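Accompanying notes for the structure given below.
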Amino acid sequence: MLTSFKSLVRKATDLFTPKNAQEYPLIIARSDHTLSRKNLSPNAVKVLYRLNKAGFDAFLVGGCIRDHLIDLTPKDFDVVTNATPEEVHALFSNSRLIGRRFRLVHVTFGREIIEVSTFRATASQDQKANTNDKQNDSARSAHGMILRDNIFGDIEQDAERRDFTFNALYYDISDFSIHDYCGGLEDIAAQQVRIIGDARLRYQEDPVRMLRAIRFAAKLGFEIEAETAAPIKEMAHLLDHIPPARLFEEVLKLLGSGNGVITYKLLREYGLFRYLFPETDELLVSKWHRNDIDPEKFILQGLINTDKRIAEGKTTAPYFLYAFLLWPKVLFRHEEFMAQGLPATPALHQAASLVLDNQVTATSIPRRFSTPMREIWDLQYRLPKRFGKRAYILEQHARFRAAFDFLLIREESGYESGNLGEWWQAFQDASEKQRRELITLADTKKSDDKGPRRRRPKRRSKSKTDNAKPRKEIDNE
Ligand code: ATP
Ligand code: MG
């Protein structure tokens with residue numbers, strides 16, 4: 001696909017004499033590209049046609065064009081038009097106006113949402129909106145960051161305010177041509193991520209663009225073009241000014257979309273990871289490790305497994321991702337609290353709280369995720385305890401499967417658990433009779449053997465053999 005695409009780009013540039021070769025937009029006629037309505041979401045096409053019939057310009061833009069040209073499946077379809085949000089809203093009964101930072105319209109078709117935005121221009125640093133239109137509005141922070149960006153403009157201005165050249169490709173529904181305003185086709189052919197305009201200025205306007213550069217490089221397998229890459233390390237600290245909730249969403253896209261390993265390596269290389277996971281980064285840089293964990297190996301293994309699941313079409317949970325990204329620091333803190341004399345369980349809970357409290361200053365973690373994270377961590381200390389009815393009870397725990405997968409990551413990255421993962425796999429696959437044998441085999445006598453079991457009548461025949469793993473070892477994991 002890419003080869004044929006390269007020839008497409010050549011064909012497109014051939015349309016111009018060398019003198020005019022840099023003239024934009026390049027307009028690639030329907031007959032000269034492979035994007036057809038068949039490849040598009042029928043709902044997006046409906047929206048485009050309705051806008052067009054009402055007399056407005058209507059284009060598809062961004063990721064959907066880029067991904068199609070690289071032979072990836074587009075995630076969503078974004079529409080841009082010269083109609084104002086109110087005009088768009090009036091055309092679609094199934095739509096609503098949203099957003100404060102960027103005002104736009106969502107047109108809903110069952111579970112699919114087509115996002116429709118109005119062409120926008122960027123207000124320059126010193127010059128505010130060139131407008132007498134009351135709907136126009138922009139604002140910048142003291143750091144030059146764009147806070148609101150609602151100045152309507154034309155398609156050319158709209159292209160210039162987008163982030164990367166390959167994200168400024170437009171598909172025109174009126175004649176099915178592709179319009180390239182910033183050299184995106186050439187950069188796709190050269191397989192590079194290139195920011196539109198001056199990199200420093202663009203990162204200053206929105207530091208998240210640095211993360212997006214990494215995300216697209218990883219997702220598309222592209223290089224980051226030299227001038228786009230150059231200021232990132234030095235400007236990474238600007239991420240400190242981004243609201244934690246926005247960074248949380250970015251982290252999920254960066255590390256939970258199937259290219260986690262390569263993305264993580266790039267984030268580390270460019271000094272961006274520390275603004276997302278400050279405590280984890282600190283631990284990695286310090287090279288802290290223990291017999292039972294090498295943080296670098298463990299995190300990479302977590303990402304390898306996550307990428308694999310996504311490649312297999314399975315789902316991944318944000319809480320799982322966050323649980324393994326923060327686990328090394330939880331262990332570190334756990335050890336600290338135990339050294340201060342706290343018993344293992346309260347020490348773990350305190351460690352978890354402290355790690356979560358510190359993390360939310362960088363990226364938020366909604367409570368619906370932090371609770372299951374704590375459960376996964378807790379279960380790591382319960383999974384070794386399989387005697388009596390415990391294995392059966394643990395298996396019913398809502399977070400059992402996640403905790404089991406988590407245990408496998410620990411083992412795959414070097415933790416010697418005494419085949420605990422294998423045991424739990426066998427237990428899940430076993431018949432009732434085999435299960436009882438497995439429990440006997442598990443060798444699980446514990447100091448807390450005297451616990452609840454004692455109050456119950458003894459189970460028939462299955463005697464508990466002594467545990468090979470003393471409690472101390474488990475508590476010190
Ligand atoms: P994907 O959805 O596959 O992650 P995308 O390119 O569609 O990639 P979105 O975040 O959906 O990314 O954004 C849609 C489009 O909006 C982008 O293609 C880009 O043109 C523009 N855009 C998004 N975020 C920014 C930003 N921070 N600065 C400038 N333009 C942006
Ligand atoms: Mg998108």
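Chain labels follow the order of the structure tokens: the first chain is A, the next B, and so on; residue numbering restarts at 1 in every chain, and ligands are counted from 1 in their shown order.
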May I have a table of the residues of chain A lying at most 12 Å from ligand 2, giving each one's closest pair of atoms and their distance in Å to one decimal, counting only C-alpha atoms and all ligand atoms, ordered by chain and ascending residue number, as CSV?
residue,atom,partner,partner_atom_place_in_ligand_line,distance
A:Leu60,CA,ligand 2,1 (Mg),10.9
A:Val61,CA,ligand 2,1 (Mg),9.1
A:Gly62,CA,ligand 2,1 (Mg),6.8
A:Gly63,CA,ligand 2,1 (Mg),5.0
A:Cys64,CA,ligand 2,1 (Mg),6.8
A:Ile65,CA,ligand 2,1 (Mg),9.9
A:Arg66,CA,ligand 2,1 (Mg),10.0
A:Asp67,CA,ligand 2,1 (Mg),9.7
A:Thr73,CA,ligand 2,1 (Mg),11.3
A:Pro74,CA,ligand 2,1 (Mg),7.8
A:Lys75,CA,ligand 2,1 (Mg),6.2
A:Asp76,CA,ligand 2,1 (Mg),5.2
A:Phe77,CA,ligand 2,1 (Mg),6.6
A:Asp78,CA,ligand 2,1 (Mg),6.6
A:Val79,CA,ligand 2,1 (Mg),10.3
A:Ile113,CA,ligand 2,1 (Mg),11.1
A:Ile114,CA,ligand 2,1 (Mg),10.1
A:Glu115,CA,ligand 2,1 (Mg),9.1
A:Val116,CA,ligand 2,1 (Mg),11.7
A:Asn167,CA,ligand 2,1 (Mg),9.5
A:Arg212,CA,ligand 2,1 (Mg),11.7
A:Phe216,CA,ligand 2,1 (Mg),11.6
A:Lys253,CA,ligand 2,1 (Mg),10.9
Please report, as a PyMOL selection string, each residue of region 30-174 of chain A to which DSSP assigns helix (DSSP H, G or I) when run on this structure's backbone. chain A and resi 30-32+37-39+42-53+63-69+85-91+155-160+165-167
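Distances here use only C-alpha atoms; by that measure, the residue among A:Ile27, A:Val285, A:Ala362, A:Ala218 closest to Leu247 (chain A) is A:Ala362.
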Which residue gives the smallest distance to Ile173 (chain A) among A:Lys265, A:Lys219, A:Arg333, A:Lys46, with only C-alpha atoms counted?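 Of A:Lys265, A:Lys219, A:Arg333, A:Lys46, the one nearest Ile173 (chain A), counting only C-alpha atoms, is A:Lys46.
The smallest atom-to-atom distance between ligand 1 and any of A:Asp154, A:Asp206, A:Glu336, A:Asp198, using only C-alpha atoms and all ligand atoms, is found for A:Asp206.
For the atom pair formed by CA of Phe406 (chain A) and CA of Asn291 (chain A), the distance is 17.5 Å, given to one decimal.
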One-decimal distance in Å that lies between CA of Ile293 (chain A) and CA of Glu411 (chain A): 9.2 Å
Where in region 182-412 of chain A does DSSP assign strand (DSSP E), given as a list in words? Gln192, Val193, Glu223 and Ile224 of chain A
Output N, CA, C and O atoms for every residue in the selection just made, as a short mmCIF file (atom, residue, chain, number, x, y, z; two decimals), in the first residue's frame.
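Output saved as result.cif:
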data_model
loop_
_atom_site.label_atom_id
_atom_site.label_comp_id
_atom_site.auth_asym_id
_atom_site.auth_seq_id
_atom_site.Cartn_x
_atom_site.Cartn_y
_atom_site.Cartn_z
N GLN A 192 7.65 10.17 7.90
CA GLN A 192 8.10 11.00 9.01
C GLN A 192 6.99 11.84 9.63
O GLN A 192 6.04 12.24 8.97
N VAL A 193 7.17 12.08 10.92
CA VAL A 193 6.25 12.93 11.69
C VAL A 193 6.82 14.33 11.63
O VAL A 193 7.93 14.57 12.11
N GLU A 223 9.66 7.98 11.63
CA GLU A 223 10.69 8.74 12.34
C GLU A 223 10.11 10.10 12.71
O GLU A 223 9.23 10.60 11.99
N ILE A 224 10.64 10.71 13.76
CA ILE A 224 10.26 12.10 14.03
C ILE A 224 11.29 12.98 13.32
O ILE A 224 12.49 12.85 13.58
#
